[in-house]
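To be precise, the following lines are work11.csv, and they hold CSV, C-alpha atoms and all ligand atoms.
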```csv
chain,number,residue,atom,x,y,z
A,181,MET,CA,-0.8,0.1,0.5
A,182,VAL,CA,-4.4,1.1,0.1
A,183,GLY,CA,-6.7,1.6,3.0
A,184,TYR,CA,-9.6,-0.7,3.4
A,185,SER,CA,-12.0,-2.0,5.9
A,186,ASN,CA,-14.9,-4.4,5.5
A,187,LYS,CA,-17.3,-1.6,4.9
A,188,GLU,CA,-15.4,1.2,3.1
A,189,VAL,CA,-12.6,2.0,0.8
A,190,ASP,CA,-10.4,4.6,2.3
A,191,PHE,CA,-9.3,6.5,-0.8
A,192,ASP,CA,-10.8,7.9,-3.9
A,193,SER,CA,-8.9,6.2,-6.7
A,194,SER,CA,-11.2,7.3,-9.5
A,195,ARG,CA,-10.1,10.9,-9.3
A,196,SER,CA,-6.5,9.9,-9.3
A,197,ILE,CA,-6.9,7.6,-12.3
A,198,VAL,CA,-8.7,10.2,-14.3
A,199,ASP,CA,-6.1,12.8,-13.5
A,200,ALA,CA,-3.2,10.5,-14.4
A,201,ARG,CA,-3.8,10.6,-18.1
A,202,ILE,CA,-2.0,7.3,-18.6
A,203,LYS,CA,-2.4,6.3,-22.2
A,204,THR,CA,-1.0,2.8,-22.6
A,205,ASP,CA,-4.1,1.0,-21.5
A,206,GLY,CA,-6.9,1.4,-19.0
A,207,TYR,CA,-5.5,-1.0,-16.5
A,208,SER,CA,-2.2,0.8,-16.1
A,209,GLY,CA,-4.1,3.3,-14.0
A,210,ILE,CA,-4.0,0.9,-11.1
A,211,ALA,CA,-0.4,2.0,-10.5
A,212,TYR,CA,-1.5,5.5,-10.0
A,213,ALA,CA,-4.3,4.5,-7.6
A,214,LEU,CA,-1.9,2.3,-5.6
A,215,LEU,CA,0.7,5.0,-5.1
A,216,GLU,CA,-1.2,7.1,-2.7
A,217,GLY,CA,-2.0,4.0,-0.7
A,218,GLU,CA,1.6,2.8,-0.5
A,219,ARG,CA,2.6,6.3,0.6
A,220,ALA,CA,0.0,6.1,3.4
A,221,GLY,CA,1.4,2.7,4.3
A,222,ALA,CA,5.0,4.0,4.4
A,223,ARG,CA,4.0,6.9,6.6
A,224,VAL,CA,1.9,4.8,9.0
A,225,THR,CA,4.7,2.3,9.5
A,226,LEU,CA,7.3,5.1,9.9
A,227,GLY,CA,5.0,6.8,12.5
A,228,THR,CA,4.5,3.5,14.2
A,229,THR,CA,8.3,3.0,14.4
A,230,LEU,CA,8.6,6.3,16.1
A,231,GLU,CA,5.8,5.6,18.6
A,232,ALA,CA,6.7,2.0,19.5
A,233,HIS,CA,8.5,1.4,22.8
A,234,ASP,CA,9.0,-2.3,22.0
A,235,ALA,CA,12.2,-2.9,20.0
A,236,ASP,CA,10.6,-5.8,18.1
A,237,ILE,CA,7.6,-3.8,17.1
A,238,ARG,CA,9.9,-1.0,15.9
A,239,ALA,CA,11.9,-3.4,13.8
A,240,LEU,CA,8.8,-5.0,12.4
A,241,ALA,CA,7.3,-1.6,11.5
A,242,MET,CA,10.6,-0.4,10.0
A,243,SER,CA,10.9,-3.5,7.8
A,244,ILE,CA,7.4,-3.0,6.4
A,245,HIS,CA,8.1,0.8,6.0
A,246,ARG,CA,11.1,0.0,3.8
A,247,ASP,CA,9.0,-2.1,1.5
A,248,GLU,CA,6.1,0.4,1.4
A,249,ALA,CA,8.6,3.2,0.5
A,250,HIS,CA,10.2,0.9,-2.1
A,251,TRP,CA,6.8,0.4,-3.8
A,252,CYS,CA,6.2,4.1,-3.7
A,253,GLY,CA,9.4,4.5,-5.8
A,254,VAL,CA,8.5,1.7,-8.1
A,255,LEU,CA,5.0,3.0,-8.7
A,256,PHE,CA,6.2,6.6,-9.1
A,257,ALA,CA,8.7,5.5,-11.8
A,258,ALA,CA,6.1,3.3,-13.6
A,259,ILE,CA,3.6,6.1,-13.7
A,260,LYS,CA,6.2,8.5,-15.2
A,261,ARG,CA,7.3,5.9,-17.7
A,262,LEU,CA,3.7,5.3,-18.8
A,263,GLY,CA,3.2,9.1,-19.4
A,264,GLY,CA,1.3,9.9,-16.2
A,265,GLU,CA,1.9,12.5,-13.6
A,266,PRO,CA,2.3,10.9,-10.1
A,267,SER,CA,0.2,12.3,-7.4
A,268,SER,CA,1.9,13.7,-4.3
A,269,GLY,CA,-1.2,12.8,-2.2
A,270,THR,CA,-1.4,10.4,0.7
A,271,GLY,CA,-4.3,7.9,1.0
A,272,ALA,CA,-6.9,8.6,3.7
A,273,PHE,CA,-5.8,5.3,5.2
A,274,TYR,CA,-3.0,7.3,6.9
A,275,ASP,CA,-5.2,9.4,9.1
A,276,LYS,CA,-7.5,6.4,9.9
A,277,ALA,CA,-4.6,4.2,10.9
A,278,MET,CA,-2.8,6.8,13.0
A,279,ALA,CA,-6.0,7.5,14.9
A,280,ILE,CA,-5.7,4.0,16.3
A,281,GLY,CA,-3.5,4.5,19.4
A,282,ASP,CA,-3.1,0.9,20.2
A,283,LEU,CA,-0.2,-0.3,18.0
A,284,ALA,CA,-1.4,-4.0,18.0
A,285,SER,CA,-4.8,-2.8,16.7
A,286,ARG,CA,-3.1,-0.5,14.2
A,287,LEU,CA,-1.0,-3.3,12.8
A,288,ALA,CA,-4.1,-5.4,12.4
A,289,PHE,CA,-5.7,-2.5,10.5
A,290,LEU,CA,-2.5,-2.2,8.4
A,291,ASN,CA,-2.7,-5.8,7.5
A,292,ARG,CA,-6.3,-5.4,6.4
A,293,GLY,CA,-5.2,-2.6,4.1
A,294,GLN,CA,-2.4,-4.8,2.8
A,295,ALA,CA,-4.9,-7.6,2.1
A,296,TRP,CA,-6.9,-5.1,0.1
A,297,VAL,CA,-3.9,-4.4,-2.0
A,298,VAL,CA,-3.3,-8.1,-2.6
A,299,ARG,CA,-6.9,-8.6,-3.7
A,300,SER,CA,-6.7,-5.6,-6.0
A,301,LEU,CA,-3.4,-6.8,-7.6
A,302,ARG,CA,-4.7,-10.4,-8.1
A,303,GLU,CA,-7.7,-9.0,-9.9
A,304,MET,CA,-5.8,-6.5,-12.0
A,305,LEU,CA,-2.7,-8.5,-12.9
A,306,PRO,CA,-4.2,-10.7,-15.6
A,307,LYS,CA,-5.4,-7.6,-17.4
A,308,VAL,CA,-2.2,-5.6,-17.3
A,309,LYS,CA,-0.7,-5.6,-20.8
A,310,ASP,CA,2.5,-3.6,-20.2
A,311,GLU,CA,5.2,-6.3,-19.4
A,312,ALA,CA,7.3,-4.1,-17.1
A,313,LEU,CA,4.3,-2.9,-15.1
A,314,TYR,CA,3.2,-6.6,-14.8
A,315,ARG,CA,6.5,-7.6,-13.4
A,316,ASP,CA,6.5,-4.7,-10.9
A,317,LEU,CA,2.9,-5.4,-9.7
A,318,ASP,CA,3.6,-9.1,-9.5
A,319,ALA,CA,6.6,-8.5,-7.3
A,320,MET,CA,4.6,-6.0,-5.2
A,321,LEU,CA,1.8,-8.7,-4.8
A,322,LYS,CA,4.3,-11.3,-3.6
A,323,ALA,CA,6.0,-8.8,-1.2
A,324,HIS,CA,2.6,-7.8,0.2
A,325,GLU,CA,1.7,-11.5,0.8
A,326,ARG,CA,5.0,-12.0,2.6
A,327,ASN,CA,4.6,-8.9,4.8
A,328,ILE,CA,1.0,-9.8,5.7
A,329,GLU,CA,2.2,-13.2,6.9
A,330,LYS,CA,5.2,-11.6,8.7
A,331,VAL,CA,2.9,-9.2,10.7
A,332,ALA,CA,0.3,-11.9,11.3
A,333,ARG,CA,2.9,-14.2,12.7
A,334,SER,CA,4.6,-11.5,14.8
A,335,GLY,CA,2.4,-12.1,17.8
A,336,PHE,CA,1.8,-8.3,18.0
A,337,VAL,CA,-1.4,-8.2,16.0
A,338,LYS,CA,-4.9,-8.3,17.5
A,339,SER,CA,-8.3,-7.8,16.1
A,340,ARG,CA,-10.2,-4.7,16.6
B,1,FE,FE,1.3,-1.7,0.9
```
Output the file's structure as structure tokens, nothing else.
Amino acid sequence: MVGYSNKEVDFDSSRSIVDARIKTDGYSGIAYALLEGERAGARVTLGTTLEAHDADIRALAMSIHRDEAHWCGVLFAAIKRLGGEPSSGTGAFYDKAMAIGDLASRLAFLNRGQAWVVRSLREMLPKVKDEALYRDLDAMLKAHERNIEKVARSGFVKSR
């Protein structure tokens, strides 16, 4: 997951893409950019699981955590396969999200980040030429749409 609010993008993808040295085509670099964001999402949801007193919020955060961690692995493998060197960095979204003490507000912030990922993937997918990467990113898009809906319908989210 990549951090986003209405006014700013919470990570610097350009540096990561340049450093990735992915050679297949220019659009494959999106996998590299998304990895740090998914890592941030995985850490935010894990941290939320540890902080939550409510068992339902813990279960919700853990289910999203498992998916975010899964996409980290998928993106890591895709970057390797495409000849890049995956970053070990975590998106700035992590610090921003964890600074939000109220978990309902944090989940709302998480969902805005997930929505940024969905928009990015929808924009990038038609341009991705590598078939395996296309399948991975398409599955990631659909999973993010499902998780946004799951969090939105949970009843725990509120706007900031
Ligand atoms: Fe995500």
Quick one: which chain A residues come within 6 Å of ligand FE 1 (chain B), and what is the nearest atom pair for each with the distance in Å to one decimal, counting only C-alpha atoms and all ligand atoms, rows ordered by chain and ascending number, as a tab-separated table?
```
residue	atom	partner	partner_atom	distance
A:Met181	CA	B:FE1	FE	2.8
A:Glu218	CA	B:FE1	FE	4.7
A:Gly221	CA	B:FE1	FE	5.6
A:Glu248	CA	B:FE1	FE	5.3
A:Gln294	CA	B:FE1	FE	5.2
```
Nearest to His245 (chain A), chosen from A:Asn327, A:Ser285, A:Ser334, A:Ser268, with all atoms listed in the file counted in the distances: A:Asn327
Which of A:Arg315, A:Arg238, A:Arg223, A:Lys307 sits closest to Leu255 (chain A) [using all atoms listed in the file]: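 Closest to Leu255 (chain A), using all atoms listed in the file: A:Arg315.
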From A:Trp296, A:Leu240, A:Pro266, A:Ala272, residue lying nearest Ala332 (chain A) [all atoms listed in the file]: A:Leu240
Computed interatomic separation between CA of Lys322 (chain A) and CA of Gly217 (chain A) (Å): 16.8 Å
Since the input is missing atoms, can you rebuild N, CA and C atoms for region 252-287 of chain A and write them as a PDB file, in the coordinates of the input?
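Okay, selection.pdb is ready:
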```
ATOM      1  N   CYS A 252       6.460   2.701  -3.327  1.00  0.00           N
ATOM      2  CA  CYS A 252       6.200   4.100  -3.700  1.00  0.00           C
ATOM      3  C   CYS A 252       7.104   4.477  -4.885  1.00  0.00           C
ATOM      4  N   GLY A 253       8.387   4.176  -4.743  1.00  0.00           N
ATOM      5  CA  GLY A 253       9.400   4.500  -5.800  1.00  0.00           C
ATOM      6  C   GLY A 253       9.099   3.791  -7.074  1.00  0.00           C
ATOM      7  N   VAL A 254       8.774   2.506  -6.962  1.00  0.00           N
ATOM      8  CA  VAL A 254       8.500   1.700  -8.100  1.00  0.00           C
ATOM      9  C   VAL A 254       7.267   2.220  -8.886  1.00  0.00           C
ATOM     10  N   LEU A 255       6.213   2.503  -8.120  1.00  0.00           N
ATOM     11  CA  LEU A 255       5.000   3.000  -8.700  1.00  0.00           C
ATOM     12  C   LEU A 255       5.170   4.375  -9.348  1.00  0.00           C
ATOM     13  N   PHE A 256       5.902   5.215  -8.633  1.00  0.00           N
ATOM     14  CA  PHE A 256       6.200   6.600  -9.100  1.00  0.00           C
ATOM     15  C   PHE A 256       6.895   6.480 -10.486  1.00  0.00           C
ATOM     16  N   ALA A 257       7.910   5.629 -10.558  1.00  0.00           N
ATOM     17  CA  ALA A 257       8.700   5.500 -11.800  1.00  0.00           C
ATOM     18  C   ALA A 257       7.796   4.891 -12.910  1.00  0.00           C
ATOM     19  N   ALA A 258       6.941   3.928 -12.563  1.00  0.00           N
ATOM     20  CA  ALA A 258       6.100   3.300 -13.600  1.00  0.00           C
ATOM     21  C   ALA A 258       5.097   4.311 -14.135  1.00  0.00           C
ATOM     22  N   ILE A 259       4.533   5.129 -13.280  1.00  0.00           N
ATOM     23  CA  ILE A 259       3.600   6.100 -13.700  1.00  0.00           C
ATOM     24  C   ILE A 259       4.252   7.126 -14.672  1.00  0.00           C
ATOM     25  N   LYS A 260       5.453   7.550 -14.305  1.00  0.00           N
ATOM     26  CA  LYS A 260       6.200   8.500 -15.200  1.00  0.00           C
ATOM     27  C   LYS A 260       6.473   7.820 -16.529  1.00  0.00           C
ATOM     28  N   ARG A 261       6.927   6.569 -16.498  1.00  0.00           N
ATOM     29  CA  ARG A 261       7.300   5.900 -17.700  1.00  0.00           C
ATOM     30  C   ARG A 261       6.048   5.726 -18.639  1.00  0.00           C
ATOM     31  N   LEU A 262       4.875   5.548 -18.017  1.00  0.00           N
ATOM     32  CA  LEU A 262       3.700   5.300 -18.800  1.00  0.00           C
ATOM     33  C   LEU A 262       3.001   6.660 -19.190  1.00  0.00           C
ATOM     34  N   GLY A 263       3.678   7.760 -18.893  1.00  0.00           N
ATOM     35  CA  GLY A 263       3.200   9.100 -19.400  1.00  0.00           C
ATOM     36  C   GLY A 263       2.241   9.747 -18.399  1.00  0.00           C
ATOM     37  N   GLY A 264       2.121   9.247 -17.182  1.00  0.00           N
ATOM     38  CA  GLY A 264       1.300   9.900 -16.200  1.00  0.00           C
ATOM     39  C   GLY A 264       2.009  10.858 -15.325  1.00  0.00           C
ATOM     40  N   GLU A 265       1.280  11.561 -14.517  1.00  0.00           N
ATOM     41  CA  GLU A 265       1.900  12.500 -13.600  1.00  0.00           C
ATOM     42  C   GLU A 265       1.555  11.995 -12.164  1.00  0.00           C
ATOM     43  N   PRO A 266       2.568  11.448 -11.461  1.00  0.00           N
ATOM     44  CA  PRO A 266       2.300  10.900 -10.100  1.00  0.00           C
ATOM     45  C   PRO A 266       1.710  11.868  -9.170  1.00  0.00           C
ATOM     46  N   SER A 267       0.747  11.442  -8.411  1.00  0.00           N
ATOM     47  CA  SER A 267       0.200  12.300  -7.400  1.00  0.00           C
ATOM     48  C   SER A 267       1.125  12.410  -6.203  1.00  0.00           C
ATOM     49  N   SER A 268       1.051  13.541  -5.526  1.00  0.00           N
ATOM     50  CA  SER A 268       1.900  13.700  -4.300  1.00  0.00           C
ATOM     51  C   SER A 268       0.995  13.439  -3.074  1.00  0.00           C
ATOM     52  N   GLY A 269      -0.238  12.986  -3.297  1.00  0.00           N
ATOM     53  CA  GLY A 269      -1.200  12.800  -2.200  1.00  0.00           C
ATOM     54  C   GLY A 269      -0.899  11.537  -1.380  1.00  0.00           C
ATOM     55  N   THR A 270      -1.464  11.529  -0.190  1.00  0.00           N
ATOM     56  CA  THR A 270      -1.400  10.400   0.700  1.00  0.00           C
ATOM     57  C   THR A 270      -2.786   9.844   0.921  1.00  0.00           C
ATOM     58  N   GLY A 271      -2.963   8.546   0.831  1.00  0.00           N
ATOM     59  CA  GLY A 271      -4.300   7.900   1.000  1.00  0.00           C
ATOM     60  C   GLY A 271      -4.868   8.260   2.386  1.00  0.00           C
ATOM     61  N   ALA A 272      -6.190   8.316   2.434  1.00  0.00           N
ATOM     62  CA  ALA A 272      -6.900   8.600   3.700  1.00  0.00           C
ATOM     63  C   ALA A 272      -6.635   7.520   4.746  1.00  0.00           C
ATOM     64  N   PHE A 273      -6.127   6.392   4.294  1.00  0.00           N
ATOM     65  CA  PHE A 273      -5.800   5.300   5.200  1.00  0.00           C
ATOM     66  C   PHE A 273      -4.801   5.823   6.303  1.00  0.00           C
ATOM     67  N   TYR A 274      -3.959   6.770   5.929  1.00  0.00           N
ATOM     68  CA  TYR A 274      -3.000   7.300   6.900  1.00  0.00           C
ATOM     69  C   TYR A 274      -3.646   7.833   8.145  1.00  0.00           C
ATOM     70  N   ASP A 275      -4.573   8.763   7.964  1.00  0.00           N
ATOM     71  CA  ASP A 275      -5.200   9.400   9.100  1.00  0.00           C
ATOM     72  C   ASP A 275      -6.012   8.352   9.927  1.00  0.00           C
ATOM     73  N   LYS A 276      -6.674   7.460   9.225  1.00  0.00           N
ATOM     74  CA  LYS A 276      -7.500   6.400   9.900  1.00  0.00           C
ATOM     75  C   LYS A 276      -6.587   5.523  10.755  1.00  0.00           C
ATOM     76  N   ALA A 277      -5.465   5.119  10.163  1.00  0.00           N
ATOM     77  CA  ALA A 277      -4.600   4.200  10.900  1.00  0.00           C
ATOM     78  C   ALA A 277      -3.913   4.897  12.077  1.00  0.00           C
ATOM     79  N   MET A 278      -3.472   6.135  11.877  1.00  0.00           N
ATOM     80  CA  MET A 278      -2.800   6.800  13.000  1.00  0.00           C
ATOM     81  C   MET A 278      -3.693   7.234  14.094  1.00  0.00           C
ATOM     82  N   ALA A 279      -5.000   7.254  13.814  1.00  0.00           N
ATOM     83  CA  ALA A 279      -6.000   7.500  14.900  1.00  0.00           C
ATOM     84  C   ALA A 279      -6.119   6.357  15.824  1.00  0.00           C
ATOM     85  N   ILE A 280      -5.622   5.212  15.425  1.00  0.00           N
ATOM     86  CA  ILE A 280      -5.700   4.000  16.300  1.00  0.00           C
ATOM     87  C   ILE A 280      -4.450   4.044  17.183  1.00  0.00           C
ATOM     88  N   GLY A 281      -4.652   4.366  18.432  1.00  0.00           N
ATOM     89  CA  GLY A 281      -3.500   4.500  19.400  1.00  0.00           C
ATOM     90  C   GLY A 281      -2.855   3.237  19.748  1.00  0.00           C
ATOM     91  N   ASP A 282      -3.638   2.182  19.836  1.00  0.00           N
ATOM     92  CA  ASP A 282      -3.100   0.900  20.200  1.00  0.00           C
ATOM     93  C   ASP A 282      -2.338   0.275  19.034  1.00  0.00           C
ATOM     94  N   LEU A 283      -1.049   0.056  19.205  1.00  0.00           N
ATOM     95  CA  LEU A 283      -0.200  -0.300  18.000  1.00  0.00           C
ATOM     96  C   LEU A 283      -0.574  -1.732  17.527  1.00  0.00           C
ATOM     97  N   ALA A 284      -0.985  -2.630  18.400  1.00  0.00           N
ATOM     98  CA  ALA A 284      -1.400  -4.000  18.000  1.00  0.00           C
ATOM     99  C   ALA A 284      -2.625  -3.871  17.065  1.00  0.00           C
ATOM    100  N   SER A 285      -3.567  -3.039  17.465  1.00  0.00           N
ATOM    101  CA  SER A 285      -4.800  -2.800  16.700  1.00  0.00           C
ATOM    102  C   SER A 285      -4.431  -2.121  15.353  1.00  0.00           C
ATOM    103  N   ARG A 286      -3.494  -1.184  15.433  1.00  0.00           N
ATOM    104  CA  ARG A 286      -3.100  -0.500  14.200  1.00  0.00           C
ATOM    105  C   ARG A 286      -2.423  -1.425  13.230  1.00  0.00           C
ATOM    106  N   LEU A 287      -1.599  -2.340  13.727  1.00  0.00           N
ATOM    107  CA  LEU A 287      -1.000  -3.300  12.800  1.00  0.00           C
ATOM    108  C   LEU A 287      -1.995  -4.239  12.201  1.00  0.00           C
TER     109      LEU A 287
END
```
